[in-house]
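*Asks:* For reference, this is work.pdb, and it has PDB, C-alpha atoms.
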ATOM      1  CA  ALA A 273       8.252   2.149  -7.146  1.00  0.00           C
ATOM      2  CA  ASP A 274       8.089  -0.246 -10.110  1.00  0.00           C
ATOM      3  CA  THR A 275       9.587  -3.016  -7.976  1.00  0.00           C
ATOM      4  CA  ALA A 276       6.862  -2.527  -5.345  1.00  0.00           C
ATOM      5  CA  VAL A 277       4.150  -2.748  -8.014  1.00  0.00           C
ATOM      6  CA  ARG A 278       5.710  -5.892  -9.520  1.00  0.00           C
ATOM      7  CA  SER A 279       6.239  -7.465  -6.080  1.00  0.00           C
ATOM      8  CA  HIS A 280       2.554  -7.266  -5.142  1.00  0.00           C
ATOM      9  CA  GLN A 281       1.986 -10.038  -7.699  1.00  0.00           C
ATOM     10  CA  ASN A 282       4.009 -12.368  -5.452  1.00  0.00           C
ATOM     11  CA  ALA A 283       1.875 -11.746  -2.364  1.00  0.00           C
ATOM     12  CA  TYR A 284       0.359 -14.739  -0.611  1.00  0.00           C
ATOM     13  CA  ALA A 285      -2.936 -13.356   0.703  1.00  0.00           C
ATOM     14  CA  PRO A 286      -5.675 -16.033   0.676  1.00  0.00           C
ATOM     15  CA  TYR A 287      -7.332 -14.612   3.819  1.00  0.00           C
ATOM     16  CA  SER A 288      -7.456 -10.858   3.180  1.00  0.00           C
ATOM     17  CA  ASN A 289      -7.237 -11.026  -0.621  1.00  0.00           C
ATOM     18  CA  PHE A 290      -5.248  -7.787  -0.369  1.00  0.00           C
ATOM     19  CA  LEU A 291      -1.934  -7.899  -2.225  1.00  0.00           C
ATOM     20  CA  VAL A 292       0.925  -5.644  -1.135  1.00  0.00           C
ATOM     21  CA  GLY A 293       4.377  -5.175  -2.612  1.00  0.00           C
ATOM     22  CA  ALA A 294       7.268  -3.172  -1.219  1.00  0.00           C
ATOM     23  CA  ALA A 295      10.707  -2.124  -2.411  1.00  0.00           C
ATOM     24  CA  LEU A 296      13.388  -1.135   0.096  1.00  0.00           C
ATOM     25  CA  VAL A 297      15.939   1.168  -1.555  1.00  0.00           C
ATOM     26  CA  HIS A 298      19.483   0.989  -0.202  1.00  0.00           C
ATOM     27  CA  GLU A 299      22.134   3.695  -0.250  1.00  0.00           C
ATOM     28  CA  ASP A 300      24.028   1.999  -3.089  1.00  0.00           C
ATOM     29  CA  GLY A 301      20.889   1.786  -5.257  1.00  0.00           C
ATOM     30  CA  THR A 302      20.243  -1.895  -4.581  1.00  0.00           C
ATOM     31  CA  ILE A 303      16.541  -2.662  -4.160  1.00  0.00           C
ATOM     32  CA  THR A 304      15.170  -5.431  -1.942  1.00  0.00           C
ATOM     33  CA  PRO A 305      11.598  -6.474  -2.824  1.00  0.00           C
ATOM     34  CA  GLY A 306       8.968  -7.698  -0.402  1.00  0.00           C
ATOM     35  CA  ALA A 307       5.411  -9.042  -0.578  1.00  0.00           C
ATOM     36  CA  ASN A 308       2.883  -9.763   2.132  1.00  0.00           C
ATOM     37  CA  TYR A 309       2.555 -13.342   3.372  1.00  0.00           C
ATOM     38  CA  GLU A 310      -0.463 -14.553   5.349  1.00  0.00           C
ATOM     39  CA  ASN A 311      -1.152 -17.775   7.219  1.00  0.00           C
ATOM     40  CA  ALA A 312      -4.036 -19.715   8.745  1.00  0.00           C
ATOM     41  CA  ILE A 313      -3.629 -18.287  12.252  1.00  0.00           C
ATOM     42  CA  LEU A 314      -3.771 -14.768  10.796  1.00  0.00           C
ATOM     43  CA  GLN A 315      -0.289 -13.763  11.924  1.00  0.00           C
ATOM     44  CA  SER A 316       0.633 -12.083   8.684  1.00  0.00           C
ATOM     45  CA  THR A 317       3.900 -10.517   7.635  1.00  0.00           C
ATOM     46  CA  CYS A 318       3.512  -7.308   5.673  1.00  0.00           C
ATOM     47  CA  ALA A 319       5.429  -6.535   2.490  1.00  0.00           C
ATOM     48  CA  GLU A 320       7.482  -3.810   4.174  1.00  0.00           C
ATOM     49  CA  ARG A 321       8.699  -6.189   6.867  1.00  0.00           C
ATOM     50  CA  THR A 322       9.477  -8.980   4.387  1.00  0.00           C
ATOM     51  CA  ALA A 323      11.657  -6.515   2.452  1.00  0.00           C
ATOM     52  CA  ILE A 324      13.442  -5.376   5.630  1.00  0.00           C
ATOM     53  CA  VAL A 325      14.055  -8.918   6.894  1.00  0.00           C
ATOM     54  CA  SER A 326      15.132 -10.141   3.457  1.00  0.00           C
ATOM     55  CA  ALA A 327      17.562  -7.224   3.169  1.00  0.00           C
ATOM     56  CA  ASN A 328      18.957  -8.019   6.605  1.00  0.00           C
ATOM     57  CA  ALA A 329      19.476 -11.658   5.593  1.00  0.00           C
ATOM     58  CA  THR A 330      21.719 -10.473   2.752  1.00  0.00           C
ATOM     59  CA  GLY A 331      23.650  -8.004   4.921  1.00  0.00           C
ATOM     60  CA  TYR A 332      21.759  -4.819   4.045  1.00  0.00           C
ATOM     61  CA  ARG A 333      20.531  -2.865   7.059  1.00  0.00           C
ATOM     62  CA  ARG A 334      20.756   0.701   5.797  1.00  0.00           C
ATOM     63  CA  ALA A 335      18.208   2.219   3.415  1.00  0.00           C
ATOM     64  CA  SER A 336      17.128   5.601   2.117  1.00  0.00           C
ATOM     65  CA  ALA A 337      13.541   4.867   0.996  1.00  0.00           C
ATOM     66  CA  ILE A 338      10.762   2.325   0.730  1.00  0.00           C
ATOM     67  CA  ALA A 339       8.021   2.166  -1.898  1.00  0.00           C
ATOM     68  CA  VAL A 340       4.686   0.495  -1.117  1.00  0.00           C
ATOM     69  CA  TYR A 341       1.843  -0.573  -3.398  1.00  0.00           C
ATOM     70  CA  GLY A 342      -1.309  -2.402  -2.355  1.00  0.00           C
ATOM     71  CA  ARG A 343      -4.581  -3.437  -3.970  1.00  0.00           C
ATOM     72  CA  PRO A 344      -7.345  -6.006  -3.625  1.00  0.00           C
ATOM     73  CA  ALA A 345      -6.800  -9.280  -5.488  1.00  0.00           C
ATOM     74  CA  ASP A 346     -10.058  -8.569  -7.326  1.00  0.00           C
ATOM     75  CA  VAL A 347      -8.982  -6.424 -10.276  1.00  0.00           C
ATOM     76  CA  ASN A 348     -12.544  -5.095 -10.538  1.00  0.00           C
ATOM     77  CA  ALA A 349     -12.621  -3.806  -6.965  1.00  0.00           C
ATOM     78  CA  ASN A 350     -14.389  -0.495  -6.659  1.00  0.00           C
ATOM     79  CA  LEU A 351     -11.655   1.662  -5.118  1.00  0.00           C
ATOM     80  CA  PRO A 352     -10.738   5.246  -5.911  1.00  0.00           C
ATOM     81  CA  ALA A 353      -7.908   5.373  -8.433  1.00  0.00           C
ATOM     82  CA  ASP A 354      -5.816   7.500  -6.059  1.00  0.00           C
ATOM     83  CA  ASN A 355      -6.197   5.083  -3.120  1.00  0.00           C
ATOM     84  CA  LEU A 356      -2.916   4.505  -1.239  1.00  0.00           C
ATOM     85  CA  CYS A 357      -1.641   1.704   1.009  1.00  0.00           C
ATOM     86  CA  PRO A 358       0.398   3.249   3.841  1.00  0.00           C
ATOM     87  CA  PRO A 359       2.458   1.062   6.200  1.00  0.00           C
ATOM     88  CA  CYS A 360       0.666  -0.363   9.245  1.00  0.00           C
ATOM     89  CA  GLY A 361       1.775   0.541  12.764  1.00  0.00           C
ATOM     90  CA  LEU A 362       4.123  -2.423  13.193  1.00  0.00           C
ATOM     91  CA  CYS A 363       5.759  -1.741   9.827  1.00  0.00           C
ATOM     92  CA  ARG A 364       6.212   1.906  10.794  1.00  0.00           C
ATOM     93  CA  GLN A 365       8.096   0.749  13.894  1.00  0.00           C
ATOM     94  CA  PHE A 366      10.327  -1.493  11.766  1.00  0.00           C
ATOM     95  CA  LEU A 367      10.935   1.489   9.469  1.00  0.00           C
ATOM     96  CA  VAL A 368      12.004   3.582  12.492  1.00  0.00           C
ATOM     97  CA  GLU A 369      14.661   0.962  13.199  1.00  0.00           C
ATOM     98  CA  VAL A 370      15.899   1.082   9.586  1.00  0.00           C
ATOM     99  CA  ALA A 371      15.852   4.898   9.560  1.00  0.00           C
ATOM    100  CA  GLN A 372      17.834   5.162  12.790  1.00  0.00           C
ATOM    101  CA  LEU A 373      20.330   2.512  11.629  1.00  0.00           C
ATOM    102  CA  SER A 374      20.703   4.554   8.430  1.00  0.00           C
ATOM    103  CA  GLY A 375      20.803   7.975  10.081  1.00  0.00           C
ATOM    104  CA  VAL A 376      18.076   9.342   7.785  1.00  0.00           C
ATOM    105  CA  ASP A 377      14.432  10.374   7.807  1.00  0.00           C
ATOM    106  CA  LEU A 378      13.376   7.551   5.492  1.00  0.00           C
ATOM    107  CA  GLU A 379      11.379   8.436   2.369  1.00  0.00           C
ATOM    108  CA  ILE A 380       8.064   6.629   2.081  1.00  0.00           C
ATOM    109  CA  ILE A 381       6.779   6.338  -1.497  1.00  0.00           C
ATOM    110  CA  LEU A 382       3.111   5.358  -1.689  1.00  0.00           C
ATOM    111  CA  VAL A 383       1.959   4.287  -5.154  1.00  0.00           C
ATOM    112  CA  SER A 384      -1.713   4.840  -6.044  1.00  0.00           C
ATOM    113  CA  PHE A 385      -4.095   1.967  -6.797  1.00  0.00           C
ATOM    114  CA  ASP A 386      -4.052   2.836 -10.513  1.00  0.00           C
ATOM    115  CA  THR A 387      -0.200   3.171 -10.465  1.00  0.00           C
ATOM    116  CA  GLU A 388      -0.517   6.595 -12.114  1.00  0.00           C
ATOM    117  CA  ARG A 389       0.474   8.641  -9.051  1.00  0.00           C
ATOM    118  CA  ALA A 390       2.778   8.454  -6.082  1.00  0.00           C
ATOM    119  CA  VAL A 391       2.904  10.375  -2.831  1.00  0.00           C
ATOM    120  CA  VAL A 392       6.325  10.857  -1.259  1.00  0.00           C
ATOM    121  CA  LEU A 393       6.444  11.448   2.488  1.00  0.00           C
ATOM    122  CA  LYS A 394       9.073  11.295   5.185  1.00  0.00           C
ATOM    123  CA  LEU A 395       8.780   8.692   7.932  1.00  0.00           C
ATOM    124  CA  SER A 396       8.539  11.522  10.465  1.00  0.00           C
ATOM    125  CA  GLU A 397       5.350  12.682   8.715  1.00  0.00           C
ATOM    126  CA  ILE A 398       3.551   9.359   9.082  1.00  0.00           C
ATOM    127  CA  LEU A 399       4.998   8.623  12.528  1.00  0.00           C
ATOM    128  CA  PRO A 400       5.819  11.942  14.196  1.00  0.00           C
ATOM    129  CA  LEU A 401       6.436  10.638  17.730  1.00  0.00           C
ATOM    130  CA  GLN A 402       8.975   7.901  17.165  1.00  0.00           C
ATOM    131  CA  PHE A 403      10.574   5.546  19.664  1.00  0.00           C
ATOM    132  CA  GLY A 404      13.600   3.602  18.572  1.00  0.00           C
ATOM    133  CA  PRO A 405      17.143   2.599  19.409  1.00  0.00           C
ATOM    134  CA  ASN A 406      18.249   6.247  19.653  1.00  0.00           C
ATOM    135  CA  ASP A 407      15.879   6.641  22.608  1.00  0.00           C
ATOM    136  CA  LEU A 408      17.680   3.804  24.368  1.00  0.00           C
ATOM    137  CA  SER A 409      21.075   5.495  23.850  1.00  0.00           C
ATOM    138  CA  LEU A 410      22.266   2.534  21.809  1.00  0.00           C
ATOM    139  CA  ASP A 411      25.368   2.835  19.670  1.00  0.00           C
ATOM    140  CA  LEU A 412      24.280   1.172  16.436  1.00  0.00           C
ATOM    141  CA  THR A 413      27.547   1.733  14.589  1.00  0.00           C
ATOM    142  CA  LYS A 414      28.608  -1.917  14.607  1.00  0.00           C
ATOM    143  CA  TRP A 415      25.110  -3.019  13.547  1.00  0.00           C
ATOM    144  CA  SER A 416      24.329  -0.506  10.818  1.00  0.00           C
ATOM    145  CA  ASN A 417      26.501  -2.049   8.102  1.00  0.00           C
ATOM    146  CA  GLY A 418      25.196  -5.597   8.385  1.00  0.00           C
ATOM    147  CA  CYS A 419      27.019  -8.649   9.553  1.00  0.00           C
ATOM    148  CA  CYS A 420      30.645  -9.594   9.191  1.00  0.00           C
ATOM    149  CA  ASP A 421      31.822  -5.996   8.655  1.00  0.00           C
ATOM    150  CA  LYS A 422      30.160  -5.930   5.216  1.00  0.00           C
ATOM    151  CA  LYS A 423      30.236  -2.408   3.816  1.00  0.00           C
ATOM    152  CA  HIS A 424      26.606  -1.784   2.729  1.00  0.00           C
TER     153      HIS A 424
END
How does this structure look as structure tokens?
*Replies:*
Amino acid sequence: ADTAVRSHQNAYAPYSNFLVGAALVHEDGTITPGANYENAILQSTCAERTAIVSANATGYRRASAIAVYGRPADVNANLPADNLCPPCGLCRQFLVEVAQLSGVDLEIILVSFDTERAVVLKLSEILPLQFGPNDLSLDLTKWSNGCCDKKH
């Protein structure tokens, strides 16, 4: 969760002014950070997806958990201290892909606005009716370990 909190400082969010950091935790303990990135046509990439895509680029496709932390850029924003930043719908779909590649019900760790608390949920709790590669009867074995037969 600390990596997610640190990563929010790297967010590029001039349009929403809402900074989000994520940390994708792999089976071997490696952590891939992510931060949201916005652009002028408002086709943003969320922190969760940047972590997933960055992990994929380094050969990591399997994960056991993801931590997410989000807050307004304004440090004086009037939000409840226990406010959470859950993944958006598109990020939840990306997380289904990671979970099914990994063969797990991914843990979702949501860090509170004040960083004093965290809520730990399973992906199936925040997206109970999932659709993913398993529903298409795909054999993901050759894809789950990354490219070039890397053993992650």
*Asks:* With all atoms listed in the file as the atoms that count, which of A:Ser409, A:Thr322, A:Ser316, A:Asn328 lies nearest to Gly293 of chain A?
*Replies:*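 Among A:Ser409, A:Thr322, A:Ser316, A:Asn328, it is A:Thr322 that comes nearest to Gly293 of chain A.
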*Asks:* Determine the nearest neighbour of Ala349 of chain A from the options A:Ala335, A:Ala273, A:Phe385, A:Asn417, counting only C-alpha atoms.
*Replies:*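 Selected residue with least distance to Ala349 of chain A: A:Phe385.
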*Asks:* Could you give me, as a PyMOL selection string, the residues that sit within 9 Å of (3.2, -7.5, 4.8) in the file's coordinates, counting only C-alpha atoms?
*Replies:* chain A and resi 283+291-294+306-310+316-323+359-360+363
*Asks:* So which one's closest to Arg389 of chain A, A:Leu362, A:Asp274, A:Pro305, A:Asn311? Using all atoms listed in the file, please.
*Replies:*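 Using all atoms listed in the file, Arg389 of chain A sits closest to A:Asp274.
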*Asks:* To one decimal place in Å, what is the distance between atom CA of Gln315 of chain A and atom CA of Ala329 of chain A?
*Replies:*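 These two atoms are separated by 20.9 Å.
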*Asks:* Using the chain letters and numbers from this file, what does the PyMOL selection byres ((chain A and resi 288) around 10) select? Give the answer as a ChimeraX atom specification.
*Replies:* /A:284-287,289-291,310,314,316,344-345
*Asks:* Kindly give the distance, in Å, that separates atom CA of Thr302 of chain A and atom CA of Asp354 of chain A, rounded to a single decimal.
*Replies:* 27.7 Å
*Asks:* Give the answer as one residue: which of A:Ser384, A:Tyr341, A:Ala371, A:Val376 has the shortest atom-to-atom distance to Ala353 of chain A, using only C-alpha atoms?
*Replies:*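 Closest residue, counting only C-alpha atoms: A:Ser384.
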*Asks:* If I take atom CA of Arg334 of chain A and atom CA of Val297 of chain A, how far is one from the other in Å, to one decimal?
*Replies:*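 Between atom CA of Arg334 of chain A and atom CA of Val297 of chain A the gap is 8.8 Å.
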*Asks:* Identify which of the residues A:Gly342, A:Thr330, A:Pro352, A:Asp377 lies closest to Asn282 of chain A, counting all atoms listed in the file when measuring atom-to-atom distances.
*Replies:* A:Gly342
*Asks:* Box for segment 341-349 of chain A - axis-aligned, 4 Å on each of the six sides, all listed atoms - centre and size in Å to one decimal, as lines of an AutoDock Vina configuration file.
*Replies:*
center_x = -5.4
center_y = -4.9
center_z = -6.4
size_x = 22.5
size_y = 16.7
size_z = 16.2
*Asks:* Compare A:Arg278, A:Lys394, A:His298, A:Arg333 by their minimum atom-to-atom distance to Leu373 of chain A, counting all atoms listed in the file, and give me the closest one.
*Replies:* A:Arg333
